[in-house]
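File shown here: coords-v4.cif, holding mmCIF, C-alpha atoms and all ligand atoms.
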```
data_run
loop_
_atom_site.label_atom_id
_atom_site.label_comp_id
_atom_site.auth_asym_id
_atom_site.auth_seq_id
_atom_site.Cartn_x
_atom_site.Cartn_y
_atom_site.Cartn_z
CA ASP A 1 43.06 -118.43 -16.54
CA PRO A 2 39.55 -119.28 -17.68
CA ASP A 3 37.76 -122.29 -16.21
CA ILE A 4 36.20 -123.97 -19.24
CA SER A 5 33.09 -125.80 -18.07
CA VAL A 6 33.34 -129.57 -18.19
CA THR A 7 29.60 -129.78 -17.53
CA SER A 8 28.84 -127.73 -20.64
CA THR A 9 31.40 -129.65 -22.65
CA LYS A 10 29.85 -132.95 -21.57
CA ALA A 11 26.45 -131.61 -22.67
CA HIS A 12 27.90 -130.91 -26.12
CA LEU A 13 29.21 -134.48 -26.20
CA ASP A 14 25.77 -135.81 -25.30
CA GLN A 15 24.40 -133.80 -28.22
CA LEU A 16 26.97 -135.34 -30.59
CA GLN A 17 26.03 -138.79 -29.25
CA SER A 18 22.36 -138.02 -29.94
CA ILE A 19 23.22 -136.96 -33.48
CA ALA A 20 25.07 -140.25 -34.05
CA THR A 21 22.26 -142.29 -32.53
CA ALA A 22 19.70 -140.59 -34.77
CA ASN A 23 21.85 -141.20 -37.86
CA GLY A 24 22.80 -144.86 -37.86
CA GLY A 25 25.30 -144.75 -34.99
CA ASN A 26 28.08 -142.69 -36.54
CA ARG A 27 29.14 -139.23 -37.70
CA ALA A 28 31.33 -140.38 -40.56
CA THR A 29 32.21 -138.67 -43.83
CA GLY A 30 29.45 -138.96 -46.39
CA ARG A 31 26.91 -140.10 -43.79
CA PRO A 32 24.13 -137.85 -42.52
CA GLY A 33 25.53 -137.75 -38.97
CA TYR A 34 28.53 -135.77 -40.15
CA LYS A 35 26.61 -132.95 -41.78
CA ALA A 36 24.21 -132.90 -38.80
CA SER A 37 27.24 -132.44 -36.53
CA VAL A 38 28.47 -129.53 -38.66
CA ASP A 39 25.05 -127.89 -38.70
CA TRP A 40 24.68 -128.17 -34.93
CA VAL A 41 28.15 -126.82 -34.07
CA LYS A 42 27.65 -123.99 -36.57
CA SER A 43 24.33 -123.01 -34.98
CA GLN A 44 25.97 -122.71 -31.56
CA LEU A 45 28.81 -120.55 -32.89
CA ASP A 46 26.55 -118.36 -35.00
CA ALA A 47 24.37 -117.62 -31.99
CA ALA A 48 27.46 -116.54 -30.03
CA GLY A 49 28.53 -114.01 -32.66
CA TYR A 50 31.13 -115.94 -34.62
CA VAL A 51 31.46 -115.52 -38.37
CA THR A 52 31.22 -119.07 -39.69
CA THR A 53 32.07 -120.57 -43.06
CA VAL A 54 31.25 -124.07 -44.27
CA GLN A 55 33.84 -125.27 -46.77
CA PRO A 56 32.72 -128.30 -48.81
CA PHE A 57 35.18 -130.67 -50.46
CA SER A 58 34.83 -134.02 -52.13
CA THR A 59 36.15 -137.36 -50.93
CA SER A 60 35.84 -140.95 -52.13
CA SER A 61 33.08 -141.37 -49.50
CA GLY A 62 31.11 -138.32 -50.60
CA THR A 63 31.11 -134.63 -49.80
CA SER A 64 32.70 -133.50 -46.55
CA TYR A 65 32.80 -130.08 -44.95
CA ASN A 66 35.17 -128.01 -42.86
CA LEU A 67 33.56 -125.53 -40.49
CA ILE A 68 35.60 -122.39 -39.82
CA ALA A 69 34.57 -119.94 -37.09
CA GLU A 70 36.25 -116.58 -36.60
CA TRP A 71 35.77 -114.12 -33.77
CA PRO A 72 35.36 -110.85 -35.69
CA HIS A 73 37.63 -108.72 -33.52
CA GLY A 74 41.37 -108.19 -33.21
CA ASP A 75 44.13 -107.68 -35.75
CA ALA A 76 43.40 -109.82 -38.81
CA ASN A 77 47.10 -109.75 -39.70
CA HIS A 78 47.82 -112.00 -36.72
CA VAL A 79 45.65 -115.10 -36.63
CA VAL A 80 45.77 -117.66 -33.82
CA MET A 81 44.04 -120.92 -34.67
CA ALA A 82 42.86 -123.98 -32.79
CA GLY A 83 41.25 -127.00 -34.43
CA ALA A 84 39.83 -130.47 -34.02
CA HIS A 85 38.41 -133.01 -36.43
CA LEU A 86 34.66 -133.35 -36.20
CA ASP A 87 34.21 -136.57 -38.19
CA SER A 88 34.07 -140.09 -36.73
CA VAL A 89 34.94 -143.40 -38.29
CA SER A 90 31.95 -145.28 -39.72
CA SER A 91 32.16 -147.99 -37.04
CA GLY A 92 31.00 -145.81 -34.17
CA PRO A 93 29.85 -142.43 -32.87
CA GLY A 94 33.37 -141.08 -32.26
CA ILE A 95 32.76 -139.44 -28.92
CA ASN A 96 36.30 -139.55 -27.54
CA ASP A 97 37.70 -139.56 -31.13
CA ASN A 98 37.05 -136.74 -31.67
CA GLY A 99 33.82 -135.47 -30.17
CA SER A 100 35.94 -134.73 -27.10
CA ALA A 101 38.10 -132.03 -28.66
CA SER A 102 35.33 -130.79 -30.97
CA ALA A 103 33.15 -130.18 -27.90
CA GLY A 104 36.09 -128.73 -25.98
CA ILE A 105 36.98 -126.27 -28.73
CA LEU A 106 33.32 -125.36 -29.15
CA GLU A 107 32.91 -124.66 -25.43
CA THR A 108 36.18 -122.67 -25.35
CA ALA A 109 34.94 -120.58 -28.29
CA LEU A 110 31.60 -119.95 -26.58
CA ALA A 111 33.32 -119.06 -23.30
CA TYR A 112 35.66 -116.67 -25.11
CA ALA A 113 32.71 -114.92 -26.72
CA ARG A 114 31.00 -114.54 -23.34
CA SER A 115 34.15 -113.40 -21.54
CA GLY A 116 34.29 -109.80 -22.66
CA GLU A 117 38.00 -110.22 -23.42
CA SER A 118 39.19 -107.78 -26.05
CA ALA A 119 41.17 -109.86 -28.52
CA LYS A 120 44.42 -108.33 -29.72
CA ASN A 121 44.69 -111.00 -32.42
CA ARG A 122 42.18 -112.72 -34.67
CA VAL A 123 40.97 -115.99 -33.09
CA ARG A 124 39.86 -118.69 -35.54
CA PHE A 125 38.60 -122.20 -34.89
CA GLY A 126 38.63 -125.06 -37.41
CA PHE A 127 36.39 -128.13 -37.26
CA TRP A 128 37.86 -130.47 -39.84
CA GLY A 129 36.10 -132.99 -42.01
CA ALA A 130 37.43 -136.35 -43.20
CA GLU A 131 40.40 -136.57 -40.84
CA GLU A 132 39.69 -140.27 -40.61
CA LEU A 133 40.14 -140.65 -44.37
CA GLY A 134 43.67 -139.23 -44.29
CA LEU A 135 43.59 -135.72 -42.77
CA LEU A 136 41.68 -134.54 -45.84
CA GLY A 137 39.88 -131.52 -44.40
CA SER A 138 42.89 -129.80 -42.87
CA LYS A 139 44.91 -130.46 -46.00
CA TYR A 140 42.13 -129.00 -48.13
CA TYR A 141 41.93 -125.93 -45.90
CA VAL A 142 45.64 -125.09 -46.03
CA ASN A 143 45.92 -125.89 -49.72
CA ASN A 144 43.14 -123.42 -50.44
CA LEU A 145 44.43 -120.68 -48.17
CA PRO A 146 46.06 -117.96 -50.27
CA THR A 147 49.74 -117.38 -49.47
CA ALA A 148 49.04 -113.99 -47.93
CA GLU A 149 46.50 -115.61 -45.58
CA ARG A 150 48.86 -118.46 -44.65
CA ASP A 151 51.46 -115.91 -43.62
CA LYS A 152 49.05 -114.38 -41.11
CA VAL A 153 48.58 -117.63 -39.16
CA GLU A 154 50.91 -117.35 -36.17
CA VAL A 155 50.14 -120.67 -34.51
CA TYR A 156 47.90 -123.71 -34.95
CA LEU A 157 46.86 -125.72 -31.89
CA ASN A 158 45.44 -129.20 -32.53
CA PHE A 159 43.34 -131.36 -30.25
CA ASP A 160 42.37 -134.95 -31.07
CA MET A 161 41.20 -137.38 -28.34
CA ILE A 162 41.36 -135.49 -25.03
CA ALA A 163 39.14 -137.62 -22.78
CA SER A 164 40.46 -141.17 -23.17
CA PRO A 165 38.99 -143.47 -20.50
CA ASN A 166 42.42 -144.72 -19.34
CA PRO A 167 44.12 -141.39 -19.93
CA GLY A 168 47.65 -140.23 -20.42
CA TYR A 169 48.70 -136.60 -20.61
CA PHE A 170 50.66 -136.22 -23.81
CA VAL A 171 51.99 -133.07 -25.46
CA TYR A 172 52.95 -133.26 -29.11
CA ASP A 173 56.69 -133.22 -29.55
CA ASP A 174 56.40 -131.14 -32.68
CA ASN A 175 58.34 -128.28 -34.20
CA PRO A 176 60.49 -127.71 -31.13
CA ALA A 177 62.62 -125.05 -32.82
CA GLY A 178 60.93 -121.73 -32.26
CA ASP A 179 57.66 -123.29 -31.21
CA GLY A 180 56.81 -121.65 -27.94
CA ALA A 181 53.32 -123.10 -27.99
CA ARG A 182 54.56 -126.55 -27.03
CA ASP A 183 56.44 -125.06 -24.09
CA ASP A 184 53.38 -123.06 -23.06
CA LEU A 185 51.35 -126.28 -22.86
CA THR A 186 53.94 -128.12 -20.79
CA ALA A 187 54.34 -125.11 -18.47
CA TYR A 188 50.57 -125.05 -18.04
CA PHE A 189 50.49 -128.72 -16.99
CA ASP A 190 53.51 -128.18 -14.72
CA GLY A 191 51.71 -125.29 -13.03
CA LYS A 192 48.70 -127.53 -12.36
CA GLY A 193 50.87 -130.35 -11.05
CA ILE A 194 49.81 -132.62 -13.91
CA PRO A 195 52.63 -134.96 -15.00
CA TRP A 196 52.97 -135.02 -18.80
CA GLU A 197 55.03 -136.74 -21.47
CA TYR A 198 56.00 -135.74 -24.94
CA ILE A 199 54.64 -137.92 -27.71
CA ASP A 200 55.83 -138.13 -31.28
CA VAL A 201 52.54 -138.01 -33.20
CA GLN A 202 54.17 -136.91 -36.47
CA GLY A 203 51.65 -137.21 -39.27
CA ARG A 204 48.72 -138.62 -37.32
CA SER A 205 46.49 -135.55 -36.92
CA ASP A 206 45.46 -132.26 -38.49
CA HIS A 207 48.38 -130.15 -37.31
CA ALA A 208 50.51 -131.90 -39.93
CA ALA A 209 49.19 -129.76 -42.77
CA PHE A 210 49.98 -126.58 -40.86
CA ARG A 211 53.40 -127.79 -39.81
CA SER A 212 54.22 -128.58 -43.42
CA LEU A 213 53.73 -124.87 -44.16
CA GLY A 214 56.17 -123.93 -41.41
CA ILE A 215 53.45 -122.69 -39.07
CA PRO A 216 54.20 -123.39 -35.37
CA THR A 217 51.95 -126.16 -34.06
CA ALA A 218 51.27 -127.81 -30.71
CA GLY A 219 48.65 -130.04 -29.19
CA THR A 220 47.58 -132.46 -26.50
CA PHE A 221 46.37 -136.06 -26.59
CA THR A 222 45.24 -138.57 -23.98
CA GLY A 223 46.06 -141.71 -25.95
CA ALA A 224 44.47 -144.11 -28.43
CA GLU A 225 45.31 -147.77 -29.10
CA GLY A 226 48.64 -147.67 -27.24
CA THR A 227 49.01 -149.50 -23.93
CA LYS A 228 49.56 -147.71 -20.62
CA THR A 229 52.74 -148.86 -18.90
CA SER A 230 53.01 -149.50 -15.17
CA ALA A 231 55.18 -146.38 -14.81
CA GLN A 232 52.43 -144.36 -16.52
CA ALA A 233 49.73 -145.91 -14.33
CA SER A 234 51.78 -144.95 -11.26
CA LYS A 235 51.82 -141.28 -12.18
CA TRP A 236 48.45 -140.97 -13.94
CA GLY A 237 46.30 -143.65 -12.33
CA GLY A 238 44.22 -145.95 -14.48
CA THR A 239 45.10 -149.45 -15.59
CA ALA A 240 48.54 -150.63 -16.68
CA GLY A 241 48.58 -153.08 -19.56
CA ARG A 242 45.35 -151.66 -20.95
CA ALA A 243 44.89 -149.35 -23.93
CA PHE A 244 44.48 -145.63 -23.26
CA ASP A 245 41.25 -145.97 -25.24
CA PRO A 246 40.07 -149.59 -25.59
CA CYS A 247 37.14 -148.32 -27.69
CA TYR A 248 39.34 -146.51 -30.21
CA HIS A 249 37.63 -146.59 -33.62
CA SER A 250 34.95 -148.94 -32.24
CA SER A 251 31.22 -148.89 -31.71
CA CYS A 252 31.81 -148.49 -27.96
CA ASP A 253 33.36 -145.00 -28.40
CA THR A 254 30.17 -143.55 -26.93
CA SER A 255 29.33 -140.87 -24.38
CA ALA A 256 30.24 -143.47 -21.74
CA ASN A 257 33.79 -143.72 -23.14
CA LEU A 258 35.12 -140.58 -21.47
CA ASP A 259 37.30 -139.66 -18.53
CA LEU A 260 35.85 -136.35 -17.42
CA THR A 261 38.89 -135.40 -15.32
CA ALA A 262 41.12 -135.74 -18.38
CA LEU A 263 38.55 -133.79 -20.38
CA ASP A 264 38.41 -130.98 -17.83
CA ARG A 265 42.21 -130.70 -17.57
CA ASN A 266 42.58 -130.56 -21.34
CA ILE A 267 39.80 -128.06 -21.99
CA ASP A 268 41.25 -125.79 -19.32
CA ALA A 269 44.59 -126.10 -21.13
CA ILE A 270 42.83 -125.12 -24.38
CA GLY A 271 41.27 -122.15 -22.60
CA HIS A 272 44.65 -121.07 -21.23
CA MET A 273 46.17 -121.20 -24.70
CA ILE A 274 43.34 -119.33 -26.42
CA TRP A 275 43.19 -116.58 -23.81
CA SER A 276 46.95 -116.07 -23.82
CA TYR A 277 47.47 -116.30 -27.60
CA ALA A 278 44.51 -114.02 -28.30
CA ALA A 279 46.27 -111.39 -26.19
CA LYS A 280 49.84 -112.05 -27.35
CA ASP A 281 51.77 -109.16 -28.83
CA TYR A 282 52.91 -109.99 -32.34
CA GLY A 283 53.65 -106.37 -33.15
CA THR A 284 51.63 -103.87 -35.12
CA THR A 285 53.19 -104.30 -38.55
CA PRO A 286 51.91 -106.81 -41.08
CA PRO A 287 53.58 -110.21 -40.91
CA PRO A 288 56.44 -110.85 -43.31
CA SER A 289 55.50 -112.58 -46.53
N1 LIG B 301 44.36 -138.95 -35.47
C1 LIG B 301 44.12 -140.25 -34.90
C2 LIG B 301 42.69 -140.65 -35.21
O1 LIG B 301 41.84 -139.80 -35.35
C3 LIG B 301 44.33 -140.31 -33.43
C4 LIG B 301 45.58 -139.69 -32.95
C5 LIG B 301 45.57 -138.43 -32.44
C6 LIG B 301 46.77 -140.37 -33.00
C7 LIG B 301 46.73 -137.84 -31.99
C8 LIG B 301 47.93 -139.82 -32.56
C9 LIG B 301 47.91 -138.53 -32.05
O2 LIG B 301 42.37 -141.79 -35.32
CA CA B 302 37.28 -126.53 -16.26
ZN ZN B 303 40.33 -141.65 -35.36
ZN ZN B 304 41.04 -138.52 -34.14
ZN ZN B 305 52.93 -111.95 -37.21
#
```
Would you mind giving the structure from this file in structure tokens?
Amino acid sequence: DPDISVTSTKAHLDQLQSIATANGGNRATGRPGYKASVDWVKSQLDAAGYVTTVQPFSTSSGTSYNLIAEWPHGDANHVVMAGAHLDSVSSGPGINDNGSASAGILETALAYARSGESAKNRVRFGFWGAEELGLLGSKYYVNNLPTAERDKVEVYLNFDMIASPNPGYFVYDDNPAGDGARDDLTAYFDGKGIPWEYIDVQGRSDHAAFRSLGIPTAGTFTGAEGTKTSAQASKWGGTAGRAFDPCYHSSCDTSANLDLTALDRNIDAIGHMIWSYAAKDYGTTPPPS
């Protein structure tokens, strides 16, 4: 399994914090910090050899953008996707929510490009806009994906808040029937001796749009406004009776609002999933339509 660098990921998070600081303290839809975040992530991926597309769409707060990055190798009939929302709320810089997974996906993509792995499948990353306004970017993306392209997407892996300062280790309890991706995530945590729990996140993040198309989805989460129980503090450490992220959607969701152990464990899980799904055998014939 790859070791995705937590040091590099933290450096990306410091960059996103700098972008927020230079743009009024946030990276929210319709504010300059959002587009600056898109431009910066795009520049990193372009330099690594990804084919990137910026997809604008309108919202009640102004124009937002999805950033799509594809590694231009492997069978384009079998697409494996991972994604994270790149926007923050307007009340803060959004470093745990969701700079954490944006930076983690970015670093995984850069590490994959450097690895020399030969992808069997097409690996595509999505950085979604306007999640905080109602999952708008991911909905826009799937609604504008032609049916033939939807049918090629084998799996969508979502990451939203993966470095909460009082962390839990949650795996989305989504799409259990036929969704091996969820089981691959739990097996990964089991193999590392990391206790995990399922969480029913239902409609609260960007996998929902993919799931509604029948695409298998899975994801991890380290907790938001919910309170850690004493049983959870016993197995995970941290503070019982306190929120997983006391700075959720607040001005204090800064580059200090991160648990780097949780971040490292989750980015390594992302790396495991990307490496294994990029190499997974989906057969040589086109997918059924
Ligand atoms: N999507 C929520 C937000 O951005 C956070 C969340 C992620 C909640 C995953 C539940 C599960 O505010
Ligand atoms: Ca690591
Ligand atoms: Zn949020
Ligand atoms: Zn979020
Ligand atoms: Zn297929």
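With distances restricted to all atoms listed in the file, A:Ala269 is the closest residue to Tyr188 of chain A from A:Leu13, A:Ala269, A:Met161, A:Ala209.
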Could you pull out the residues sitting within 10 Å of ligand LIG 301 (chain B), using all atoms listed in the file, and write them as JSON, numbers by chain? {"A": [84, 85, 86, 87, 88, 89, 94, 96, 97, 98, 130, 131, 132, 133, 134, 135, 158, 159, 160, 161, 162, 170, 171, 172, 199, 200, 201, 202, 203, 204, 205, 206, 207, 219, 220, 221, 222, 223, 224, 225, 226, 248, 249]}
Hey, can you check how far atom CA of Thr186 of chain A sits from atom CA of Ala208 of chain A?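 Computing the Euclidean distance for atom CA of Thr186 of chain A and atom CA of Ala208 of chain A yields 19.8 Å.
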Compute the set of protein, DNA and RNA residues whose minimum atom distance to ligand ZN 305 (chain B) is at most 12 Å, using all atoms listed in the file, and state it as a ChimeraX atom specification. /A:75-80,120-122,148-155,215-216,277,280-289
Coordinates-based distance that separates atom CA of Ala218 of chain A from atom CA of Arg182 of chain A (Å, one decimal): 5.1 Å
Please report the interatomic distance between atom CA of Ala48 of chain A and atom CA of Arg114 of chain A in Å with one decimal. 7.8 Å
Asp184 of chain A: which residues within 10 Å, counting all atoms listed in the file, same-chain residues fewer than 4 positions away excluded, as a list in words?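 Final neighbour list, sorted by chain and number: Asp179, Gly180, Tyr188, Phe189, Asp190, Ala218, Ala269, His272, Met273 and Ser276 of chain A.
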